[in-house]
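Undergrad: Sharing a structure below in structure tokens format, with a few things to ask.
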Amino acid sequence: MYLFSTTGRPPGVPHSNGLSRAVPAFAAIFALSRAVPAFAAIFSLLQADPVFAQAASESGWFNADRTQALVLGIILTGAILLYVVLASAGRPLFIRKIAGLDTVEEAVGRATEMGKPILYVPGLNDMDEVQTIASMNLLGHLATIIAGYDSRLHVPVRKSLVMSVARETVQQSYLSAGRPDAYQEDDIHYVSDAQFAYAAAVDGIIVREKPAACFYLGGFYAESLILAETGNSIGAIQIAGTARPPQLPFFVAACDYTLIGEELFAASAYLSKEPRMLGSLKGQDAGKGIAIVFILAGSALATLYSVTGSETVREVSEIVLWLFR
Amino acid sequence: MRRRIPLIITFIIGVVLITGYFVTRGPFNTLYESFSDYFAIITVFAFILGGGSLLKIHLKRVSSRAADWPYSVVTLVAFLVTLVIGLFKVGNPGGMSGEILASGSWLRFMFDGVYNPLSATMFSLLAFFVASASYRAFRARTKEATILLSAALVILLGRTPVGAWMTAWMPESLAFLELPNLANWIMAWPNTAGQRAIMIGIALGVIATSLRIILGIERNYLGRGE
């Protein structure tokens, strides 16, 4: 297995300079700036506590309208970090099976047996979208598997930055799999920024090359069904995943397996089997548990108040509502 | 160090940006806009990489007479013609100082007469794909598919005048069983509940992914080599 060293790369491997690493790093940074509002997305109905707001406005530094986001953000971040620490300490964690991800290796094996390529579509978004970063992380794992099977990976992309990141990621995966010679830079190529020009080009690739497996993982819009149905028409095994709910039904109807929302973000951690990554998955589940508890508590308190009319119950339910309002 | 420095930068900027979301004063509160601007600038320059890749791949296919190479000729001609007309504003009534998509310009003609119709054609294919996908999804082969089919029928009928007409005879006490009301109920309750559950999961996934990147646990996007 080839590893990076200060003396450079193995013979025949193009040199990867610091700039090529800086591009994905910058893209990740920008994606993080998009992720910040995600803290608020879950708690999108914000409304400040008047007492807290007054105290905060006197200091003038804290945005009191985002108090709930901060409180719940700390709770959820704490839960995730707790499980990361527990996993690092060696505590075994149960992670539920994700059928779509368990099939990845089977899909690659099938493509190898058939002597056909594997198509990977990272969606329409640029690297400023967390979905695309999740897709790139998944592409890295997939490329390692593909390199081991000696299959061909074809990645048409819509954004130049995504192309740069995908090339770097796949190249490193081939390198870590000990197959740097199998990496073909031209198999990861730019197509078009225009949505339907991109869809037409990918459709053309599907029809001409007839890939044995198609992966659609990332942010998709109206072209999702056009791609998935074309892939279905050639009999390819198809695995899709997106965090855009309007496109999920189309993928469910046309693909063999669909990663629904959070599963796309969990995919990289799930495939890596790395304890700290799995710990963050468990923390995510804990976050869902917390959300369920609050939803049930809020519903129960509101019902109880409507039955009893108790002022104490009303005040407690107001606190719960304040967090999610 | 080639991995460590980007990870340190990512951690610092990630923490600063999260802080900026909660802080009302500069420079924190303007960081998001600044990074958006930086990203837009980098994206413009990155297009050179994309355009270069497009030219390289298709020129290679044409020169080696690879399978379906005539398509590559079409792509190259379309790309270069659009690029030259757009860059040099060929046929633009206002010359080099005119608006890029000025009325009567060649680029405007290409946009309205070629690009838009082609895009519309691809988009229109969606109608046929929806029909074929719906046919497969709604085949009542399992209990779940039957429920899906029933819900879809109620929604489809409830959203059309035919649905209202079919159940208009119902007495006032059974008005909730009228197809438009049933369709509204499905959309407002089961559908919204499902959508919200997915949205909560997605938000948690985004938070967990962000934390993994900020803390350097997730490094795949930087490449896997050490």
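Labels for the structure tokens follow display order: chains A, B, ..., residues from 1 in each chain, ligands from 1.
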Please provide as a PyMOL selection string all residues within 10 Å of segment 167-169 of chain B, with the sequence filter that same-chain residues fewer than 4 positions apart are discarded (counting only C-alpha atoms).
TA: chain B and resi 158+162-163+174-175+177-180
Undergrad: Considering only C-alpha atoms, state which residue in the set B:Ile57, B:Thr24, B:Gly98, B:Thr19 is at the smallest distance from Asn63 of chain A.
TA: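 Among the listed residues, the smallest separation from Asn63 of chain A belongs to B:Thr24.
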Undergrad: Between A:Ala201, A:Trp322, A:Gly261, A:Pro275, which has the minimum distance to Tyr71 of chain B (counting only C-alpha atoms)?
TA: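 The closest residue to Tyr71 of chain B is A:Ala201.
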Undergrad: Would you kindly return, as a ChimeraX atom specification, each protein, DNA or RNA residue with an atom no farther than 7 Å from any atom of Gly20 of chain B, considering only C-alpha atoms and excluding same-chain residues fewer than 6 positions away?
TA: /B:28-29,31
Undergrad: Please dump the current selection as a PDB file, in the first residue's frame; keep all heavy atoms.
TA:
```
ATOM      1  N   PHE B  28     -17.904  39.540  13.141  1.00  0.00           N
ATOM      2  CA  PHE B  28     -18.539  38.214  13.150  1.00  0.00           C
ATOM      3  C   PHE B  28     -19.813  38.155  12.303  1.00  0.00           C
ATOM      4  O   PHE B  28     -20.024  37.205  11.572  1.00  0.00           O
ATOM      5  CB  PHE B  28     -18.863  37.794  14.593  1.00  0.00           C
ATOM      6  CG  PHE B  28     -17.649  37.625  15.449  1.00  0.00           C
ATOM      7  CD1 PHE B  28     -17.265  38.612  16.325  1.00  0.00           C
ATOM      8  CD2 PHE B  28     -16.878  36.484  15.371  1.00  0.00           C
ATOM      9  CE1 PHE B  28     -16.139  38.469  17.118  1.00  0.00           C
ATOM     10  CE2 PHE B  28     -15.752  36.317  16.156  1.00  0.00           C
ATOM     11  CZ  PHE B  28     -15.382  37.327  17.034  1.00  0.00           C
ATOM     12  N   ASN B  29     -20.654  39.189  12.433  1.00  0.00           N
ATOM     13  CA  ASN B  29     -21.973  39.113  11.792  1.00  0.00           C
ATOM     14  C   ASN B  29     -21.913  39.262  10.276  1.00  0.00           C
ATOM     15  O   ASN B  29     -22.908  39.064   9.592  1.00  0.00           O
ATOM     16  CB  ASN B  29     -22.913  40.163  12.397  1.00  0.00           C
ATOM     17  CG  ASN B  29     -22.381  41.557  12.241  1.00  0.00           C
ATOM     18  OD1 ASN B  29     -21.205  41.746  11.957  1.00  0.00           O
ATOM     19  ND2 ASN B  29     -23.239  42.550  12.419  1.00  0.00           N
ATOM     20  N   LEU B  31     -19.345  37.772   8.468  1.00  0.00           N
ATOM     21  CA  LEU B  31     -18.440  36.749   7.944  1.00  0.00           C
ATOM     22  C   LEU B  31     -19.107  35.868   6.891  1.00  0.00           C
ATOM     23  O   LEU B  31     -18.497  35.490   5.899  1.00  0.00           O
ATOM     24  CB  LEU B  31     -17.923  35.865   9.083  1.00  0.00           C
ATOM     25  CG  LEU B  31     -16.733  36.431   9.856  1.00  0.00           C
ATOM     26  CD1 LEU B  31     -16.392  35.527  11.013  1.00  0.00           C
ATOM     27  CD2 LEU B  31     -15.531  36.590   8.951  1.00  0.00           C
TER      28      LEU B  31
END
```
Undergrad: Under the rule that only C-alpha atoms are counted, which of A:His141, A:Val191, A:Ala147, A:Asp128 is the nearest residue to Met163 of chain A?
TA: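 Counting only C-alpha atoms, the residue closest to Met163 of chain A is A:Val191.
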Undergrad: Please return, as an MDAnalysis selection string, all residues of segment 91-308 of chain A that DSSP assigns to alpha helix (DSSP H) on the basis of the backbone.
TA: chainID A and resid 99:102 104:114 130:149 160:176 195:209 223:233 248:254 262:272 275:308
Undergrad: Residues within 7 Å of segment 278-292 of chain A, please, as a PyMOL selection string. Count only C-alpha atoms; anything in the same chain fewer than 3 positions from it doesn't count.
TA: (chain A and resi 76+79-81+83-84+87+266+269-270+273-275+295-296) or (chain B and resi 204-205+208)
Undergrad: Extract, using only C-alpha atoms, all DNA, RNA and protein residues at most 6 Å from segment 212-216 of chain A, discarding same-chain residues fewer than 3 positions from it, and format them as a PyMOL selection string.
TA: chain A and resi 107+111+116+118-121+236-240
Undergrad: Do you have the atom CA of Val170 of chain A-atom CA of Ser63 of chain B distance handy?
TA: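 About the pair atom CA of Val170 of chain A and atom CA of Ser63 of chain B: they are 26.7 Å apart.
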Undergrad: One number please: atom CA of Leu157 of chain B to atom CA of Lys143 of chain B, in Å, one decimal.
TA: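 Those two atoms sit 21.3 Å apart.
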Undergrad: Determine, counting only C-alpha atoms, which protein, DNA and RNA residues have an atom within 9 Å of an atom of Leu225 of chain A; residues of the same chain fewer than 4 positions away are not included. Present the result as a PyMOL selection string.
TA: (chain A and resi 221+229-230+247+250-251+253-254) or (chain B and resi 126+129-130+133)
Undergrad: Find the spatial neighbours of Val155 of chain A, counting only C-alpha atoms, within a cut-off of 12 Å - ignore same-chain residues fewer than 5 positions away - and output them as a PDB file with N, CA, C and O atoms, in the first residue's frame.
TA:
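The file below, part13.pdb, is the result:
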```
ATOM      1  N   PRO A 117     -18.981  -0.228 -16.463  1.00  0.00           N
ATOM      2  CA  PRO A 117     -18.546   0.809 -15.519  1.00  0.00           C
ATOM      3  C   PRO A 117     -19.575   1.076 -14.424  1.00  0.00           C
ATOM      4  O   PRO A 117     -20.694   0.553 -14.456  1.00  0.00           O
ATOM      5  N   ILE A 118     -19.160   1.892 -13.458  1.00  0.00           N
ATOM      6  CA  ILE A 118     -20.046   2.330 -12.367  1.00  0.00           C
ATOM      7  C   ILE A 118     -20.196   3.843 -12.507  1.00  0.00           C
ATOM      8  O   ILE A 118     -19.192   4.552 -12.632  1.00  0.00           O
ATOM      9  N   LEU A 119     -21.433   4.289 -12.520  1.00  0.00           N
ATOM     10  CA  LEU A 119     -21.685   5.732 -12.679  1.00  0.00           C
ATOM     11  C   LEU A 119     -21.964   6.352 -11.320  1.00  0.00           C
ATOM     12  O   LEU A 119     -22.771   5.830 -10.551  1.00  0.00           O
ATOM     13  N   TYR A 120     -21.286   7.462 -11.033  1.00  0.00           N
ATOM     14  CA  TYR A 120     -21.524   8.163  -9.769  1.00  0.00           C
ATOM     15  C   TYR A 120     -21.905   9.606 -10.092  1.00  0.00           C
ATOM     16  O   TYR A 120     -21.129  10.340 -10.699  1.00  0.00           O
ATOM     17  N   VAL A 121     -23.104  10.005  -9.694  1.00  0.00           N
ATOM     18  CA  VAL A 121     -23.577  11.368  -9.943  1.00  0.00           C
ATOM     19  C   VAL A 121     -23.661  12.103  -8.600  1.00  0.00           C
ATOM     20  O   VAL A 121     -24.487  11.744  -7.754  1.00  0.00           O
ATOM     21  N   PRO A 122     -22.804  13.120  -8.388  1.00  0.00           N
ATOM     22  CA  PRO A 122     -22.779  13.773  -7.073  1.00  0.00           C
ATOM     23  C   PRO A 122     -23.803  14.902  -6.899  1.00  0.00           C
ATOM     24  O   PRO A 122     -23.652  15.733  -6.007  1.00  0.00           O
ATOM     25  N   GLY A 123     -24.790  14.935  -7.758  1.00  0.00           N
ATOM     26  CA  GLY A 123     -25.836  15.952  -7.601  1.00  0.00           C
ATOM     27  C   GLY A 123     -25.490  17.251  -8.300  1.00  0.00           C
ATOM     28  O   GLY A 123     -24.458  17.371  -8.953  1.00  0.00           O
ATOM     29  N   SER A 135     -21.513  13.669  -0.092  1.00  0.00           N
ATOM     30  CA  SER A 135     -21.390  12.845  -1.290  1.00  0.00           C
ATOM     31  C   SER A 135     -19.925  12.563  -1.617  1.00  0.00           C
ATOM     32  O   SER A 135     -19.562  11.451  -1.998  1.00  0.00           O
ATOM     33  N   MET A 136     -19.081  13.573  -1.450  1.00  0.00           N
ATOM     34  CA  MET A 136     -17.645  13.386  -1.719  1.00  0.00           C
ATOM     35  C   MET A 136     -17.032  12.390  -0.723  1.00  0.00           C
ATOM     36  O   MET A 136     -16.178  11.579  -1.091  1.00  0.00           O
ATOM     37  N   LEU A 139     -18.056   9.097  -1.889  1.00  0.00           N
ATOM     38  CA  LEU A 139     -17.327   8.761  -3.116  1.00  0.00           C
ATOM     39  C   LEU A 139     -15.945   8.199  -2.775  1.00  0.00           C
ATOM     40  O   LEU A 139     -15.469   7.266  -3.427  1.00  0.00           O
ATOM     41  N   LEU A 142     -16.411   4.632  -1.754  1.00  0.00           N
ATOM     42  CA  LEU A 142     -16.808   3.843  -2.927  1.00  0.00           C
ATOM     43  C   LEU A 142     -15.610   3.617  -3.854  1.00  0.00           C
ATOM     44  O   LEU A 142     -15.409   2.505  -4.367  1.00  0.00           O
ATOM     45  N   ALA A 143     -14.818   4.671  -4.043  1.00  0.00           N
ATOM     46  CA  ALA A 143     -13.651   4.562  -4.933  1.00  0.00           C
ATOM     47  C   ALA A 143     -12.654   3.538  -4.396  1.00  0.00           C
ATOM     48  O   ALA A 143     -12.029   2.815  -5.177  1.00  0.00           O
ATOM     49  N   VAL A 162     -16.441  20.870  -7.684  1.00  0.00           N
ATOM     50  CA  VAL A 162     -16.780  19.484  -7.329  1.00  0.00           C
ATOM     51  C   VAL A 162     -15.851  18.535  -8.085  1.00  0.00           C
ATOM     52  O   VAL A 162     -15.383  17.530  -7.542  1.00  0.00           O
ATOM     53  N   MET A 163     -15.557  18.887  -9.334  1.00  0.00           N
ATOM     54  CA  MET A 163     -14.651  18.048 -10.128  1.00  0.00           C
ATOM     55  C   MET A 163     -13.269  17.986  -9.459  1.00  0.00           C
ATOM     56  O   MET A 163     -12.689  16.897  -9.321  1.00  0.00           O
ATOM     57  N   SER A 164     -12.777  19.136  -9.020  1.00  0.00           N
ATOM     58  CA  SER A 164     -11.447  19.166  -8.377  1.00  0.00           C
ATOM     59  C   SER A 164     -11.433  18.300  -7.121  1.00  0.00           C
ATOM     60  O   SER A 164     -10.515  17.502  -6.908  1.00  0.00           O
ATOM     61  N   VAL A 165     -12.457  18.464  -6.296  1.00  0.00           N
ATOM     62  CA  VAL A 165     -12.515  17.715  -5.038  1.00  0.00           C
ATOM     63  C   VAL A 165     -12.680  16.219  -5.319  1.00  0.00           C
ATOM     64  O   VAL A 165     -12.012  15.377  -4.703  1.00  0.00           O
ATOM     65  N   ALA A 166     -13.565  15.892  -6.288  1.00  0.00           N
ATOM     66  CA  ALA A 166     -13.808  14.471  -6.610  1.00  0.00           C
ATOM     67  C   ALA A 166     -12.531  13.820  -7.124  1.00  0.00           C
ATOM     68  O   ALA A 166     -12.206  12.688  -6.758  1.00  0.00           O
ATOM     69  N   ARG A 167     -11.796  14.531  -7.974  1.00  0.00           N
ATOM     70  CA  ARG A 167     -10.547  13.973  -8.512  1.00  0.00           C
ATOM     71  C   ARG A 167      -9.553  13.687  -7.391  1.00  0.00           C
ATOM     72  O   ARG A 167      -8.931  12.626  -7.339  1.00  0.00           O
ATOM     73  N   THR A 169     -10.171  13.283  -4.195  1.00  0.00           N
ATOM     74  CA  THR A 169     -10.690  12.236  -3.307  1.00  0.00           C
ATOM     75  C   THR A 169     -10.505  10.844  -3.917  1.00  0.00           C
ATOM     76  O   THR A 169     -10.024   9.922  -3.259  1.00  0.00           O
ATOM     77  N   VAL A 170     -10.889  10.710  -5.190  1.00  0.00           N
ATOM     78  CA  VAL A 170     -10.799   9.393  -5.843  1.00  0.00           C
ATOM     79  C   VAL A 170      -9.341   8.977  -6.008  1.00  0.00           C
ATOM     80  O   VAL A 170      -8.978   7.816  -5.773  1.00  0.00           O
ATOM     81  N   GLN A 184      -7.965   7.031 -13.353  1.00  0.00           N
ATOM     82  CA  GLN A 184      -8.063   7.747 -14.628  1.00  0.00           C
ATOM     83  C   GLN A 184      -8.692   9.109 -14.374  1.00  0.00           C
ATOM     84  O   GLN A 184      -9.886   9.207 -14.109  1.00  0.00           O
ATOM     85  N   GLU A 185      -7.874  10.141 -14.469  1.00  0.00           N
ATOM     86  CA  GLU A 185      -8.359  11.499 -14.174  1.00  0.00           C
ATOM     87  C   GLU A 185      -9.536  11.901 -15.062  1.00  0.00           C
ATOM     88  O   GLU A 185     -10.493  12.529 -14.608  1.00  0.00           O
ATOM     89  N   ASP A 186      -9.486  11.484 -16.332  1.00  0.00           N
ATOM     90  CA  ASP A 186     -10.523  11.910 -17.278  1.00  0.00           C
ATOM     91  C   ASP A 186     -11.886  11.274 -17.012  1.00  0.00           C
ATOM     92  O   ASP A 186     -12.890  11.688 -17.592  1.00  0.00           O
ATOM     93  N   ASP A 187     -11.927  10.247 -16.168  1.00  0.00           N
ATOM     94  CA  ASP A 187     -13.219   9.633 -15.839  1.00  0.00           C
ATOM     95  C   ASP A 187     -14.035  10.511 -14.886  1.00  0.00           C
ATOM     96  O   ASP A 187     -15.210  10.254 -14.638  1.00  0.00           O
ATOM     97  N   ILE A 188     -13.381  11.513 -14.323  1.00  0.00           N
ATOM     98  CA  ILE A 188     -14.099  12.493 -13.483  1.00  0.00           C
ATOM     99  C   ILE A 188     -14.029  13.813 -14.240  1.00  0.00           C
ATOM    100  O   ILE A 188     -12.972  14.434 -14.306  1.00  0.00           O
ATOM    101  N   HIS A 189     -15.106  14.187 -14.853  1.00  0.00           N
ATOM    102  CA  HIS A 189     -15.027  15.331 -15.763  1.00  0.00           C
ATOM    103  C   HIS A 189     -16.229  16.256 -15.638  1.00  0.00           C
ATOM    104  O   HIS A 189     -17.317  15.842 -15.239  1.00  0.00           O
ATOM    105  N   TYR A 190     -15.951  17.480 -16.034  1.00  0.00           N
ATOM    106  CA  TYR A 190     -16.984  18.519 -16.028  1.00  0.00           C
ATOM    107  C   TYR A 190     -17.872  18.351 -17.261  1.00  0.00           C
ATOM    108  O   TYR A 190     -17.385  18.025 -18.339  1.00  0.00           O
ATOM    109  N   VAL A 191     -19.185  18.607 -17.074  1.00  0.00           N
ATOM    110  CA  VAL A 191     -20.119  18.474 -18.195  1.00  0.00           C
ATOM    111  C   VAL A 191     -20.725  19.827 -18.559  1.00  0.00           C
ATOM    112  O   VAL A 191     -20.475  20.375 -19.634  1.00  0.00           O
ATOM    113  N   ALA A 201     -26.696  15.116 -20.710  1.00  0.00           N
ATOM    114  CA  ALA A 201     -25.382  14.484 -20.873  1.00  0.00           C
ATOM    115  C   ALA A 201     -25.287  13.197 -20.059  1.00  0.00           C
ATOM    116  O   ALA A 201     -24.803  12.172 -20.556  1.00  0.00           O
ATOM    117  N   VAL A 202     -25.771  13.240 -18.816  1.00  0.00           N
ATOM    118  CA  VAL A 202     -25.703  12.036 -17.968  1.00  0.00           C
ATOM    119  C   VAL A 202     -26.612  10.951 -18.542  1.00  0.00           C
ATOM    120  O   VAL A 202     -26.243   9.771 -18.564  1.00  0.00           O
ATOM    121  N   ILE A 205     -24.749   9.351 -21.278  1.00  0.00           N
ATOM    122  CA  ILE A 205     -23.715   8.439 -20.760  1.00  0.00           C
ATOM    123  C   ILE A 205     -24.362   7.117 -20.339  1.00  0.00           C
ATOM    124  O   ILE A 205     -23.854   6.035 -20.635  1.00  0.00           O
ATOM    125  N   ILE A 206     -25.502   7.216 -19.652  1.00  0.00           N
ATOM    126  CA  ILE A 206     -26.187   5.998 -19.181  1.00  0.00           C
ATOM    127  C   ILE A 206     -26.594   5.121 -20.367  1.00  0.00           C
ATOM    128  O   ILE A 206     -26.365   3.913 -20.380  1.00  0.00           O
ATOM    129  N   PRO A 211     -23.984   1.531 -17.694  1.00  0.00           N
ATOM    130  CA  PRO A 211     -23.304   1.135 -16.451  1.00  0.00           C
ATOM    131  C   PRO A 211     -24.100   0.082 -15.696  1.00  0.00           C
ATOM    132  O   PRO A 211     -25.342   0.063 -15.753  1.00  0.00           O
ATOM    133  N   CYS A 214     -25.576   2.484 -10.827  1.00  0.00           N
ATOM    134  CA  CYS A 214     -25.654   3.947 -10.847  1.00  0.00           C
ATOM    135  C   CYS A 214     -25.858   4.448  -9.415  1.00  0.00           C
ATOM    136  O   CYS A 214     -26.739   3.953  -8.699  1.00  0.00           O
ATOM    137  N   PHE A 215     -25.046   5.413  -9.021  1.00  0.00           N
ATOM    138  CA  PHE A 215     -25.185   6.039  -7.699  1.00  0.00           C
ATOM    139  C   PHE A 215     -25.567   7.500  -7.900  1.00  0.00           C
ATOM    140  O   PHE A 215     -24.859   8.224  -8.598  1.00  0.00           O
ATOM    141  N   TYR A 216     -26.676   7.898  -7.304  1.00  0.00           N
ATOM    142  CA  TYR A 216     -27.082   9.302  -7.352  1.00  0.00           C
ATOM    143  C   TYR A 216     -27.078   9.801  -5.910  1.00  0.00           C
ATOM    144  O   TYR A 216     -28.032   9.547  -5.160  1.00  0.00           O
ATOM    145  N   LEU A 217     -26.019  10.453  -5.514  1.00  0.00           N
ATOM    146  CA  LEU A 217     -25.904  10.848  -4.102  1.00  0.00           C
ATOM    147  C   LEU A 217     -25.508  12.311  -3.992  1.00  0.00           C
ATOM    148  O   LEU A 217     -24.407  12.699  -4.404  1.00  0.00           O
TER     149      LEU A 217
END
```
